[in-house]
Structures are given as structure tokens and as C-alpha cells.
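Encoded as C-alpha cells, the structure appears first; notes follow it.
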Amino acid sequence: MTSDTRTEPPAADAENLGRLVRHARFVLWDFDGPVCRLFAGHAAERVAADLVGWLERRGLGGLLTRTEQESPDPHAVLRAVDRRHPDSDLVAELEERLTQEELRATASAMPTAYADPLIRTWTAVGVRLAVATNNSPRVVRAYLTGRGLLPCFSPHIYGRTQELSLLKPDPHSLVRALGALGAAPTASLFIGDSPSDCEAARRARVPFLGYARDEQGEKSLRDAGADTVVGSFEPLLGLLRSGPATGSAANGRAYDGPRAP
């Protein structure tokens with residue numbers, strides 16, 4: 001995956017970006033991508049292959065199709081097994097193996113450019129933050145603690161649970177975050193980097209900001225329906241630092257729902 005090379009969004013996106021930032025009193029973040037490159041030095045493809053190998057050594061390789069066996073996405077492998085054996089000890093053990101791999105990956109994770117100062121600046125102006133991710137919440141806490149960012153989010157970290165059918169694009173993690181924050185979807189913003197993030201935001205009725213490191217990522221987000229996509233968080237940081245404060249969560253619209261199931 002290429003590094004960030006585009007800092008200025010197109011004119012239409014720049015206008016939308018200003019509106020999204022002005023209206024956001026609550027910002028939900030996907031983790032792997034917008035906050036950091038979790039597998040920057042610990043390849044996701046290798047993790048997926050290791051999960052497949054673990055299944056094969058137990059004589060369970062037949063649970064996966066050839067396409068699933070060759071998937072570079074460890075979450076795809078986990079979901080595939082869960083579809084065949086939902087709520088099983090096998091899925092629980094496989095999920096724990098993935099969590100341990102994610103925890104090891106935090107040691108070499110690469111912070112997304114401008115993400116740290118953007119998180120700190122939004123917190124400083126009173127915007128409340130949460131994480132809504134398909135990664136393990138243990139992994140998110142470990143990474144944020146290492147960066148000194150945990151107080152900007154805690155306790156609002158909503159990640160993978162044993163109910164794998166509720167991973168994005170299901171909006172479950174977003175709905176949990178909104179409910180815990182007492183946040184109206186229209187006063188919120190979700191930042192994600194995948195079509196499943198875009199779909200989850202649509203289903204939760206939360207405005208969506210796409211983050212793409214390269215043209216292929218941008219195209220996939222546009223094709224999924226994302227109206228606004230940035231290749232760098234530098235313009236957002238500039239908006240926050242140069243414009244009037246977006247206002248605090250205390251002054252934003254809060255309400256009683258939606259509530260997490």
C-alpha cells in the first residue's frame with residue numbers, strides 16, 4: 001500500500017469536509033487504517049495464512065473454500081469458519097489466535113499521518129471520540145496506550161466480540177458507540193477506510209468520511225457510495241486549527257438512543 005501523497009482534497013470534497021467537521025460533535029473512528037497501519041510490519045496476509053495453516057493442521061482445512069484459503073484478510077478466514085460453526089469453541093479459539101497476532105502487530109504498527117494531532121485537537125476543542133472497529137478492543141487499547149491517546153477515547157472503544165456476525169458492515173459497533181455517548185447520528189461523524197465502513201455508517205445513519213491512502217482505496221470507497229474521501233488528515237487538522245471551534249459535546253445534540261442491543 002502506498003504512503004499518503006494527496007494532501008488537498010478536490011474542491012467538492014473540500015466543501016463537504018468543512019461541513020462534516022463543523023457539524024461533528026462526536027467522531028467515531030475505525031482503527032486499522034484511519035488511526036494506524038496495524039499490519040505495517042506484521043503482514044495481514046501472513047496472519048491469514050497462519051490461521052488457515054492452523055485449521056489445516058487440525059484436519060479442518062476443508063471448512064474453507066479455495067478462495068477463502070487464499071484470502072489475504074484474516075477477518076475473512078474467521079468469518080468463514082464462524083458461518084459454518086457459529087458460537088463454537090473452534091471459532092472462539094481462532095478468534096483468540098487472531099487477537100494475539102493483532103497484539104503482536106501493535107509493536108510495529110505505523111501511526112497514520114496527522115492522526116495523532118487530529119485526535120488530540122478534536123479532544124481539546126470538546127469533541128467526544130470513540131473507536132468502532134472489527135479489531136479486538138484489547139488491541140486498540142494497547143496501541144492507544146502506547147501512543148498516549150487512550151484518554152482521548154476511553155472508555156468508548158467498541159470492537160470485535162464473539163458475535164462475529166455483528167462485525168462491520170453490520171452497524172453494531174457504531175450503534176453501541178452512539179448509544180454510550182448519547183450521540184445523535186446527525187451530530188456525529190464516522191471515519192473509515194473500507195466499503196464495509198461506508199455501509200455500516202449508512203445503516204447507522206451517520207455521516208461518513210472516507211480515508212484512502214491510494215487511488216485504488218479511493219475508488220473502492222467512491223464505488224461504495226462515499227461522497228467525501230481524503231488522502232490525508234492534514235486538511236482536517238487545518239480546519240480545526242484555523243476555524244472556529246466546532247463546539248463541545250456538552251453543547252451538541254444528545255439524546256437517548258440508539259441503544260446497543
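Note on naming: chains are A, B, ... as they come in the C-alpha cells, residues start from 1 per chain, ligands start from 1 in the order shown.
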**OP:** Quick one: everything within 8 Å of Val52 of chain A, counting only C-alpha atoms, minus sequence neighbours fewer than 3 positions away in the same chain. Send it as a list in words.
**Re:** Ala48, Ala49, Leu55, Glu56, Gly61, Gln69 and Val77 of chain A
Only all heavy atoms, please: the residues just picked out, written as a short mmCIF file (atom, residue, chain, number, x, y, z; two decimals), in the first residue's frame.
```cif
data_model
loop_
_atom_site.label_atom_id
_atom_site.label_comp_id
_atom_site.auth_asym_id
_atom_site.auth_seq_id
_atom_site.Cartn_x
_atom_site.Cartn_y
_atom_site.Cartn_z
N ALA A 48 -3.36 -14.25 7.95
CA ALA A 48 -4.43 -15.04 7.36
C ALA A 48 -3.93 -16.44 7.01
O ALA A 48 -4.62 -17.44 7.27
CB ALA A 48 -4.98 -14.33 6.12
N ALA A 49 -2.74 -16.52 6.42
CA ALA A 49 -2.17 -17.81 6.04
C ALA A 49 -1.91 -18.67 7.28
O ALA A 49 -2.11 -19.90 7.26
CB ALA A 49 -0.88 -17.62 5.25
N LEU A 55 -5.84 -24.32 10.91
CA LEU A 55 -7.01 -25.16 10.63
C LEU A 55 -6.59 -26.45 9.91
O LEU A 55 -7.08 -27.54 10.24
CB LEU A 55 -8.01 -24.39 9.78
CG LEU A 55 -8.77 -23.25 10.47
CD1 LEU A 55 -9.50 -22.40 9.43
CD2 LEU A 55 -9.75 -23.80 11.49
N GLU A 56 -5.70 -26.32 8.95
CA GLU A 56 -5.27 -27.48 8.17
C GLU A 56 -4.55 -28.51 9.04
O GLU A 56 -4.73 -29.72 8.87
CB GLU A 56 -4.39 -27.04 7.02
CG GLU A 56 -5.15 -26.27 5.94
CD GLU A 56 -4.25 -25.75 4.85
OE1 GLU A 56 -3.01 -25.67 5.09
OE2 GLU A 56 -4.75 -25.40 3.76
N GLY A 61 -9.06 -27.99 7.20
CA GLY A 61 -8.89 -27.14 6.04
C GLY A 61 -10.08 -27.17 5.10
O GLY A 61 -10.36 -26.21 4.39
N GLN A 69 -9.32 -19.90 1.52
CA GLN A 69 -7.98 -20.32 1.93
C GLN A 69 -6.91 -19.36 1.45
O GLN A 69 -5.88 -19.19 2.10
CB GLN A 69 -7.68 -21.72 1.39
CG GLN A 69 -8.49 -22.83 2.03
CD GLN A 69 -8.28 -24.16 1.34
OE1 GLN A 69 -7.55 -24.25 0.36
NE2 GLN A 69 -8.93 -25.20 1.85
N VAL A 77 -11.16 -15.12 6.91
CA VAL A 77 -10.99 -16.51 7.35
C VAL A 77 -11.82 -16.77 8.60
O VAL A 77 -12.53 -17.78 8.70
CB VAL A 77 -9.50 -16.80 7.62
CG1 VAL A 77 -9.32 -18.21 8.17
CG2 VAL A 77 -8.68 -16.60 6.36
#
```
Using only C-alpha atoms, what does the table of segment 72-152 of chain A residues within 8 Å of segment 232-239 of chain A look like, with each row giving the shortest atom pair and its distance in Å to one decimal, sorted by chain and ascending number, as JSON lines?
```
{"residue": "A:Ala113", "atom": "CA", "partner": "A:Phe233", "partner_atom": "CA", "distance": 7.0}
{"residue": "A:Tyr114", "atom": "CA", "partner": "A:Phe233", "partner_atom": "CA", "distance": 5.6}
{"residue": "A:Ala115", "atom": "CA", "partner": "A:Phe233", "partner_atom": "CA", "distance": 6.6}
{"residue": "A:Pro117", "atom": "CA", "partner": "A:Leu237", "partner_atom": "CA", "distance": 7.6}
{"residue": "A:Leu118", "atom": "CA", "partner": "A:Leu237", "partner_atom": "CA", "distance": 5.5}
{"residue": "A:Thr121", "atom": "CA", "partner": "A:Leu237", "partner_atom": "CA", "distance": 7.6}
```
Expected file: the selected residues, all heavy atoms, as a PDB file, in the first residue's frame:
```pdb
ATOM      1  N   ALA A 113      -0.466   9.282   9.238  1.00  0.00           N
ATOM      2  CA  ALA A 113      -0.002  10.668   9.244  1.00  0.00           C
ATOM      3  C   ALA A 113      -1.118  11.614   9.694  1.00  0.00           C
ATOM      4  O   ALA A 113      -2.237  11.528   9.197  1.00  0.00           O
ATOM      5  CB  ALA A 113       0.480  11.059   7.848  1.00  0.00           C
ATOM      6  N   TYR A 114      -0.788  12.475  10.638  1.00  0.00           N
ATOM      7  CA  TYR A 114      -1.663  13.525  11.183  1.00  0.00           C
ATOM      8  C   TYR A 114      -2.790  12.984  12.072  1.00  0.00           C
ATOM      9  O   TYR A 114      -3.570  13.773  12.619  1.00  0.00           O
ATOM     10  CB  TYR A 114      -2.269  14.396  10.072  1.00  0.00           C
ATOM     11  CG  TYR A 114      -1.245  15.134   9.263  1.00  0.00           C
ATOM     12  CD1 TYR A 114      -0.852  14.659   8.015  1.00  0.00           C
ATOM     13  CD2 TYR A 114      -0.644  16.292   9.738  1.00  0.00           C
ATOM     14  CE1 TYR A 114       0.110  15.320   7.259  1.00  0.00           C
ATOM     15  CE2 TYR A 114       0.316  16.961   8.993  1.00  0.00           C
ATOM     16  CZ  TYR A 114       0.686  16.470   7.756  1.00  0.00           C
ATOM     17  OH  TYR A 114       1.624  17.134   7.020  1.00  0.00           O
ATOM     18  N   ALA A 115      -2.895  11.654  12.217  1.00  0.00           N
ATOM     19  CA  ALA A 115      -3.978  11.125  13.042  1.00  0.00           C
ATOM     20  C   ALA A 115      -3.812  11.515  14.503  1.00  0.00           C
ATOM     21  O   ALA A 115      -4.771  11.949  15.153  1.00  0.00           O
ATOM     22  CB  ALA A 115      -4.063   9.608  12.898  1.00  0.00           C
ATOM     23  N   PRO A 117      -2.196  14.128  16.064  1.00  0.00           N
ATOM     24  CA  PRO A 117      -2.560  15.514  16.389  1.00  0.00           C
ATOM     25  C   PRO A 117      -4.022  15.824  16.120  1.00  0.00           C
ATOM     26  O   PRO A 117      -4.625  16.657  16.813  1.00  0.00           O
ATOM     27  CB  PRO A 117      -1.633  16.358  15.506  1.00  0.00           C
ATOM     28  CG  PRO A 117      -1.164  15.447  14.432  1.00  0.00           C
ATOM     29  CD  PRO A 117      -1.122  14.082  15.041  1.00  0.00           C
ATOM     30  N   LEU A 118      -4.614  15.165  15.124  1.00  0.00           N
ATOM     31  CA  LEU A 118      -6.036  15.393  14.862  1.00  0.00           C
ATOM     32  C   LEU A 118      -6.875  14.893  16.023  1.00  0.00           C
ATOM     33  O   LEU A 118      -7.813  15.580  16.475  1.00  0.00           O
ATOM     34  CB  LEU A 118      -6.438  14.685  13.567  1.00  0.00           C
ATOM     35  CG  LEU A 118      -7.903  14.840  13.140  1.00  0.00           C
ATOM     36  CD1 LEU A 118      -8.273  16.302  12.944  1.00  0.00           C
ATOM     37  CD2 LEU A 118      -8.157  14.037  11.857  1.00  0.00           C
ATOM     38  N   THR A 121      -6.406  17.306  18.905  1.00  0.00           N
ATOM     39  CA  THR A 121      -7.035  18.612  18.678  1.00  0.00           C
ATOM     40  C   THR A 121      -8.541  18.509  18.810  1.00  0.00           C
ATOM     41  O   THR A 121      -9.179  19.375  19.429  1.00  0.00           O
ATOM     42  CB  THR A 121      -6.656  19.146  17.283  1.00  0.00           C
ATOM     43  OG1 THR A 121      -5.237  19.242  17.193  1.00  0.00           O
ATOM     44  CG2 THR A 121      -7.265  20.521  17.043  1.00  0.00           C
TER      45      THR A 121
END
```
Subject >> Contacts of segment 183-194 of chain A at 7 Å (only C-alpha atoms; same-chain gap of 3+ positions) as a PyMOL selection string >> reply: chain A and resi 23-30+33-34+178-179+197-198+201+205-212+221+253-255
**OP:** Kindly give the distance, in Å, that separates atom CA of Val139 of chain A and atom CA of Gln100 of chain A, rounded to a single decimal.
**Re:**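 Atom CA of Gln100 of chain A lies 8.6 Å from atom CA of Val139 of chain A.
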Original post:
By how many Å are atom CA of Ile157 of chain A and atom CA of Leu103 of chain A apart?
Top reply: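 Rounded to one decimal, the two atoms are 15.6 Å apart.
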Subject >> Closest of A:Gly159, A:Glu218, A:Asp116, A:Ala109 to Val131 of chain A - atom-to-atom distances counting only C-alpha atoms >> reply: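 Among the listed residues, A:Gly159 lies closest to Val131 of chain A.
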**OP:** Once DSSP has gone over the backbone, tell me which residues of segment 135-238 of chain A are in strand (DSSP E), as a PyMOL selection string.
**Re:** chain A and resi 157-158+188-192+208-211+229-230
**OP:** Excluding Val81 of chain A and residues on its chain fewer than 5 positions from it, collect all residues at most 12 Å away from it, counting only C-alpha atoms, and give them as a list of chain:residue names.
**Re:**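 Using only C-alpha atoms, the neighbours found are A:Leu51, A:Val52, A:Leu55, A:Leu60, A:Gly61, A:Gly62, A:Leu63, A:Leu64, A:Thr65, A:Glu68, A:Gln69, A:Pro74, A:His75, A:Ala76, A:Pro86, A:Asp87, A:Ser88, A:Asp89, A:Leu90, A:Val91, A:Ala92, A:Glu93, A:Leu94, A:Glu95, A:Leu164, A:Ser165.
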Deliver the residues from the most recent selection as a file, using C-alpha atoms, as a short mmCIF file (atom, residue, chain, number, x, y, z; two decimals), in the first residue's frame.
```
data_model
loop_
_atom_site.label_atom_id
_atom_site.label_comp_id
_atom_site.auth_asym_id
_atom_site.auth_seq_id
_atom_site.Cartn_x
_atom_site.Cartn_y
_atom_site.Cartn_z
CA LEU A 51 -4.91 -19.10 10.56
CA VAL A 52 -5.54 -21.29 7.51
CA LEU A 55 -7.01 -25.16 10.63
CA LEU A 60 -10.18 -28.70 9.24
CA GLY A 61 -8.89 -27.14 6.04
CA GLY A 62 -11.98 -28.43 4.25
CA LEU A 63 -14.10 -25.88 6.11
CA LEU A 64 -12.81 -23.22 3.73
CA THR A 65 -13.25 -22.80 0.02
CA GLU A 68 -11.22 -18.38 1.46
CA GLN A 69 -7.98 -20.32 1.93
CA PRO A 74 -7.64 -12.73 8.43
CA HIS A 75 -11.13 -11.46 9.24
CA ALA A 76 -12.44 -13.20 6.12
CA PRO A 86 -21.22 -20.28 14.81
CA ASP A 87 -20.68 -19.83 18.55
CA SER A 88 -18.33 -22.81 18.70
CA ASP A 89 -15.16 -23.41 20.71
CA LEU A 90 -13.34 -23.62 17.38
CA VAL A 91 -14.35 -20.07 16.46
CA ALA A 92 -13.51 -18.81 19.95
CA GLU A 93 -10.01 -20.32 19.72
CA LEU A 94 -9.46 -18.99 16.21
CA GLU A 95 -10.58 -15.52 17.28
CA LEU A 164 -18.80 -12.31 14.60
CA SER A 165 -21.97 -11.78 12.59
#
```
